[in-house]
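Before any comments, here is the structure.
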Amino acid sequence: MRVIAGAARGTRLTTLPGEEITRPTQDRVKEAMFSAVQFMVEGARVLDLFAGSGQLGIEALSRGAARCVFIDENRDACAVVRQNLKAAGLFERASVAGQSAAQYLSACKERFDLILLDPPYRRGLAAAILPAAAAVAAPGGVVLAETEAGAPLPERCGCLVLKKQYRYGKSAFARYEADAPVLPAVLQ
């Protein structure tokens with residue numbers, strides 16, 4: 001597993017052994033995800049939920065995101081994220097919290113331009129966490145939700161609107177966009 005593009009391109013990233021705690025995103029899926037948001041990553045505030053090894057958030061930082069918050073409830077996964085951030089030279093622009101995605105989102109006061117969801121497959125977690133993710137999405141922000149192919153996801157969830165779904169073998173991801181705020185009409 002490696003960083004595909006940007007300042008840390010080619011950096012090898014480590015992950016916890018086995019797939020019980022982390023399931024790294026395949027390079028071709030990761031490349032497709034970042035192609036779908038290529039023009040909005042530069043300067044973005046990013047949230048990587050269910051971070052695992054941190055590869056998605058690290059990819060965003062490598063491609064010019066301003067900062068990234070990594071959330072994973074597994075202490076060992078958080079240690080791997082920190083190790084990978086240091087290896088990629090991106091540690092200063094990141095923070096790592098060891099708590100569940102639901103706990104973090106329920107207390108979060110920040111808004112994010114890009115939210116990366118990569119929960120364990122076959123548990124319905126992506127659909128379950130979308131309402132809380134919608135609450136922290138910045139106007140015009142994007143949520144990329146990776147799931148197993150065929151996982152049910154809503155067309156709309158709060159301010160989030162499903163724009164497109166992509167399938168790559170047994171994996172898939174959905175691109176949601178947060179409604180931009182409606183500006184009041186100028187009185188004439």
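Residues are named by chain letter and number: chains run A, B, ... in the order of the structure tokens, numbers start at 1 in each chain, and ligands are numbered from 1 in the order shown.
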
Exercise for review: List the neighbours of range 4-15 of chain A out to 6 Å using only C-alpha atoms; skip same-chain residues closer than 4 positions along the sequence, and give me the result as a PyMOL selection string.
Suggested key: chain A and resi 53+62-63+84+88

Open item on the list: Taking only range 3-93 of chain A into account, list the residues labelled strand (DSSP E or B) by DSSP (computed from the backbone), as a list in words.
Closed with: Arg12, Arg45, Val46, Leu47, Asp48, Leu49, Arg67, Cys68, Val69, Phe70 and Ile71 of chain A

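Here CA of Phe112 in chain A is placed at a distance of 15.9 Å from CA of Val161 in chain A.
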
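Nearest to Ile58 in chain A of all the residues A:Leu90, A:Ala132, A:Leu117, A:Cys78 is A:Leu90, counting only C-alpha atoms.
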
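Between CA of Leu85 in chain A and CA of Val142 in chain A lies a distance of 22.9 Å.
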
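The spacing separating CA of Arg123 in chain A from CA of Val3 in chain A amounts to 27.6 Å.
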
May I have the residues within 8 Å of range 134-141 of chain A as an NGL selection string, using only C-alpha atoms and disregarding those fewer than 4 positions away in the same chain? :A and (105 or 108-115 or 130 or 157-160 or 177-181)

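For the residues A:Ile71, A:Tyr176, A:Val81, A:Glu92, ranking by smallest atom-to-atom distance to Ala127 in chain A using only C-alpha atoms places A:Tyr176 first.
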
Could you list, as JSON, numbers by chain, every residue within 6 Å of Leu144 in chain A, counting only C-alpha atoms and ignoring same-chain residues fewer than 5 positions away?
{"A": [116, 174, 175]}

Residues from the last selection, N, CA and C atoms, saved as a PDB file, in the first residue's frame:
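As written to disk, part.pdb reads:
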ATOM      1  N   LEU A 116     -14.340  11.362   4.406  1.00  0.00           N
ATOM      2  CA  LEU A 116     -14.031  10.041   3.862  1.00  0.00           C
ATOM      3  C   LEU A 116     -14.556   8.985   4.822  1.00  0.00           C
ATOM      4  N   ALA A 174     -19.726   5.803  -2.981  1.00  0.00           N
ATOM      5  CA  ALA A 174     -20.771   6.759  -3.349  1.00  0.00           C
ATOM      6  C   ALA A 174     -20.250   8.163  -3.085  1.00  0.00           C
ATOM      7  N   ARG A 175     -20.586   9.069  -3.993  1.00  0.00           N
ATOM      8  CA  ARG A 175     -20.222  10.480  -3.832  1.00  0.00           C
ATOM      9  C   ARG A 175     -21.482  11.265  -3.471  1.00  0.00           C
TER      10      ARG A 175
END

Using DSSP on the backbone coordinates, identify the residues of range 40-183 of chain A assigned to alpha helix (DSSP H); present them as JSON, numbers by chain.
{"A": [55, 56, 57, 58, 59, 60, 61, 62, 75, 76, 77, 78, 79, 80, 81, 82, 83, 84, 85, 86, 87, 88, 101, 102, 103, 104, 105, 106, 107, 125, 126, 127, 128, 129, 130, 131, 132, 133, 134, 135, 136]}

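Distance check against Leu125 in chain A using only C-alpha atoms: of A:Phe70, A:Leu49, A:Lys30, A:Phe91, the minimum falls on A:Leu49.
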
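Of the listed residues (A:Leu56, A:Leu47, A:Leu162, A:Ser95), A:Leu56 comes nearest to Phe34 in chain A; the distances count only C-alpha atoms.
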
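Closest approach to Gln55 in chain A among A:Arg122, A:Lys170, A:Lys164, A:Arg2: A:Arg2, based on only C-alpha atoms.
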
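Among the candidate residues A:Gly54, A:Tyr166, A:Ala66, A:Ser171, the one lying nearest to Ala32 in chain A is A:Tyr166, with distances computed using only C-alpha atoms.
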
Would you list the contacts of Leu16 in chain A as a ChimeraX atom specification, taking every protein, DNA or RNA residue within 12 Å and counting only C-alpha atoms, but skipping same-chain residues closer than 5 positions in sequence?
-> /A:1,21-24,51-54,74-81,83-84

Query raised in the report: If you count only C-alpha atoms, which residues fall within 9 Å of Glu73 in chain A, apart from same-chain ones fewer than 6 positions away, as number ranges by chain?
Result: A: 50-51, 97-101

Let me see the file: selected residues, C-alpha atoms, as a PDB file, in the first residue's frame.
ATOM      1  CA  PHE A  50     -12.907   4.664  10.322  1.00  0.00           C
ATOM      2  CA  ALA A  51      -9.336   5.668   9.416  1.00  0.00           C
ATOM      3  CA  ALA A  97      -8.412  10.696  17.823  1.00  0.00           C
ATOM      4  CA  GLY A  98      -9.094   7.261  19.250  1.00  0.00           C
ATOM      5  CA  GLN A  99     -12.864   7.139  19.502  1.00  0.00           C
ATOM      6  CA  SER A 100     -15.839   5.875  17.561  1.00  0.00           C
ATOM      7  CA  ALA A 101     -17.050   7.830  14.553  1.00  0.00           C
TER       8      ALA A 101
END
